[in-house]
Amino acid sequence: MAGERAAFGALVRSHQRLVYSLGLRMLADRHAAEDLAQEVFLQLYRNLAAVSSEAHLAFWLRKVTVHRAIDRLRREPRNELAPLEEAQLTAGEAHSGDPILERRLRSLLGLLPPAARAVVLLRYQEDLDPADIARTLGMPVNTVKSHLKRSLAELRERMTSTAGAPT
Amino acid sequence: MSDDTHDPESHELERRLRAALRPVNPREGFAAGVLARVAAEPARRPRAPAVASWLAFGLAASGVLGGLLAHEWQVRRIEQGREARRQLIEALRVTDEKLNLAYRVVNSRESAAPPEHAGA
């Protein structure tokens, strides 16, 4: 039992970044994201026998995390991030680009409906192709593509309209 | 990514999105928190692997099938016993009839025959 838990601890450490990041970007709240991530790993612990490979594990974690996050957002809808909260979320991150622009993009992402947000995250954070996103979210590939197209257009439009606004 | 958004502006937005959505680590001690919740879980029964489940299902199915076959065999045996008894009773009935007939023939012959030493 102790050995099993130690092995599970190693598994958590190797995948915590994936689960926590998805939860954080979906919920835009560190505490909620951490709580969500813990629940996902607890569910994994109860269902370890159902996971057959490393690839399946990553697929399973993404799927469960995103679905749980969407459920939470439907129960407790959130508004756009407050600037202070967003600043806290990104504290300590290494920036290679424009931190203000990146922060603005993350805030705008929070305005997308949950399903569209999940599609954008799986595409640009997890680097999945539309077919894998469709499998993860259980939606048709064409729906994934239209979500991406609409979301990019909306983000671009908002970025343009707020380009001159102070952030 | 998208089929019809391969203009430079879209490429730039996609590049920015990738940069903005870099995965981040949770706070220190996150894994320990998960393990604490795992430790608080009631001891879970190890789940039987799929092969064992199928084996158990196979054994149960064999048991049911075996029971049905044994029942069928028993019913057939009882039927065979009944048939054998019916045939025996029929044979006895036929034998009895034949014996009766023979008895009547013998009796009638005896009564029709002239008495021995009659007129002697």
# chains A, B, ... in the order shown; residues from 1 in each chain; ligands from 1
>>> interface_residues(of="chain B", to="chain A", cutoff="8 Å", atoms="only C-alpha atoms", output="mmCIF file with N, CA and C atoms, in the first residue's frame")
data_model
loop_
_atom_site.group_PDB
_atom_site.id
_atom_site.type_symbol
_atom_site.label_atom_id
_atom_site.label_comp_id
_atom_site.auth_asym_id
_atom_site.auth_seq_id
_atom_site.Cartn_x
_atom_site.Cartn_y
_atom_site.Cartn_z
ATOM 1 N N SER B 2 -6.240 26.580 -38.339
ATOM 2 C CA SER B 2 -7.460 26.390 -39.088
ATOM 3 C C SER B 2 -7.209 26.460 -40.572
ATOM 4 N N THR B 5 -7.474 30.196 -41.953
ATOM 5 C CA THR B 5 -6.983 31.314 -41.136
ATOM 6 C C THR B 5 -5.467 31.410 -41.230
ATOM 7 N N SER B 10 -3.437 35.771 -38.245
ATOM 8 C CA SER B 10 -3.855 34.599 -37.466
ATOM 9 C C SER B 10 -2.652 33.865 -36.899
ATOM 10 N N LEU B 13 -1.537 35.689 -33.889
ATOM 11 C CA LEU B 13 -2.430 35.472 -32.742
ATOM 12 C C LEU B 13 -2.198 34.085 -32.140
ATOM 13 N N GLU B 14 -2.027 33.092 -33.015
ATOM 14 C CA GLU B 14 -1.783 31.725 -32.529
ATOM 15 C C GLU B 14 -0.455 31.653 -31.762
ATOM 16 N N ARG B 16 0.952 34.078 -30.165
ATOM 17 C CA ARG B 16 0.767 34.769 -28.880
ATOM 18 C C ARG B 16 -0.021 33.915 -27.900
ATOM 19 N N LEU B 17 -1.020 33.215 -28.445
ATOM 20 C CA LEU B 17 -1.813 32.337 -27.573
ATOM 21 C C LEU B 17 -0.930 31.246 -26.964
ATOM 22 N N ARG B 18 -0.085 30.650 -27.805
ATOM 23 C CA ARG B 18 0.809 29.593 -27.291
ATOM 24 C C ARG B 18 1.703 30.149 -26.185
ATOM 25 N N ALA B 19 2.183 31.359 -26.393
ATOM 26 C CA ALA B 19 3.064 31.962 -25.387
ATOM 27 C C ALA B 19 2.292 32.286 -24.117
ATOM 28 N N ALA B 20 1.063 32.771 -24.296
ATOM 29 C CA ALA B 20 0.254 33.164 -23.118
ATOM 30 C C ALA B 20 -0.221 31.944 -22.332
ATOM 31 N N LEU B 21 -0.335 30.821 -23.018
ATOM 32 C CA LEU B 21 -0.901 29.641 -22.363
ATOM 33 C C LEU B 21 0.161 28.596 -22.024
ATOM 34 N N ARG B 22 1.339 29.054 -21.766
ATOM 35 C CA ARG B 22 2.373 28.100 -21.332
ATOM 36 C C ARG B 22 1.900 27.421 -20.039
ATOM 37 N N PRO B 23 2.066 26.090 -19.952
ATOM 38 C CA PRO B 23 1.658 25.416 -18.708
ATOM 39 C C PRO B 23 2.451 25.930 -17.513
ATOM 40 N N VAL B 24 1.796 25.978 -16.370
ATOM 41 C CA VAL B 24 2.450 26.451 -15.139
ATOM 42 C C VAL B 24 2.361 25.370 -14.063
ATOM 43 N N ASN B 25 3.282 25.428 -13.150
ATOM 44 C CA ASN B 25 3.297 24.449 -12.055
ATOM 45 C C ASN B 25 2.390 24.903 -10.911
ATOM 46 N N PRO B 26 1.797 23.971 -10.201
ATOM 47 C CA PRO B 26 1.061 24.352 -8.987
ATOM 48 C C PRO B 26 2.046 24.742 -7.897
ATOM 49 N N PHE B 30 1.905 20.609 -3.686
ATOM 50 C CA PHE B 30 0.623 20.190 -4.260
ATOM 51 C C PHE B 30 0.494 18.660 -4.230
ATOM 52 N N ALA B 31 1.554 17.979 -4.662
ATOM 53 C CA ALA B 31 1.501 16.502 -4.703
ATOM 54 C C ALA B 31 1.289 15.934 -3.303
ATOM 55 N N ALA B 32 1.921 16.568 -2.314
ATOM 56 C CA ALA B 32 1.750 16.099 -0.933
ATOM 57 C C ALA B 32 0.288 16.231 -0.511
ATOM 58 N N GLY B 33 -0.351 17.326 -0.951
ATOM 59 C CA GLY B 33 -1.775 17.529 -0.640
ATOM 60 C C GLY B 33 -2.635 16.435 -1.257
ATOM 61 N N VAL B 34 -2.288 16.087 -2.501
ATOM 62 C CA VAL B 34 -3.045 15.015 -3.172
ATOM 63 C C VAL B 34 -2.868 13.710 -2.401
ATOM 64 N N LEU B 35 -1.609 13.423 -2.022
ATOM 65 C CA LEU B 35 -1.336 12.158 -1.319
ATOM 66 C C LEU B 35 -2.024 12.118 0.043
ATOM 67 N N ARG B 37 -4.897 13.467 0.643
ATOM 68 C CA ARG B 37 -6.305 13.115 0.367
ATOM 69 C C ARG B 37 -6.433 11.642 0.005
ATOM 70 N N VAL B 38 -5.436 11.138 -0.691
ATOM 71 C CA VAL B 38 -5.438 9.703 -1.032
ATOM 72 C C VAL B 38 -5.361 8.865 0.239
ATOM 73 N N ARG B 44 -9.003 0.919 -0.426
ATOM 74 C CA ARG B 44 -9.805 0.472 -1.563
ATOM 75 C C ARG B 44 -9.471 -0.964 -1.895
ATOM 76 N N ARG B 47 -9.008 -3.701 -7.646
ATOM 77 C CA ARG B 47 -9.973 -4.127 -8.665
ATOM 78 C C ARG B 47 -9.430 -5.333 -9.413
ATOM 79 N N PRO B 49 -8.452 -7.615 -12.261
ATOM 80 C CA PRO B 49 -8.172 -7.296 -13.646
ATOM 81 C C PRO B 49 -9.250 -7.869 -14.567
#
>>> select_by_dssp(residues="chain A", states="helix (DSSP H, G or I)", output="MDAnalysis selection string")
chainID A and resid 2:27 30:46 48:50 54:75 83:89 99:109 114:124 130:137 141:161
>>> atom_distance(atom1="atom CA of Glu154 of chain A", atom2="atom CA of His11 of chain B")
14.9 Å
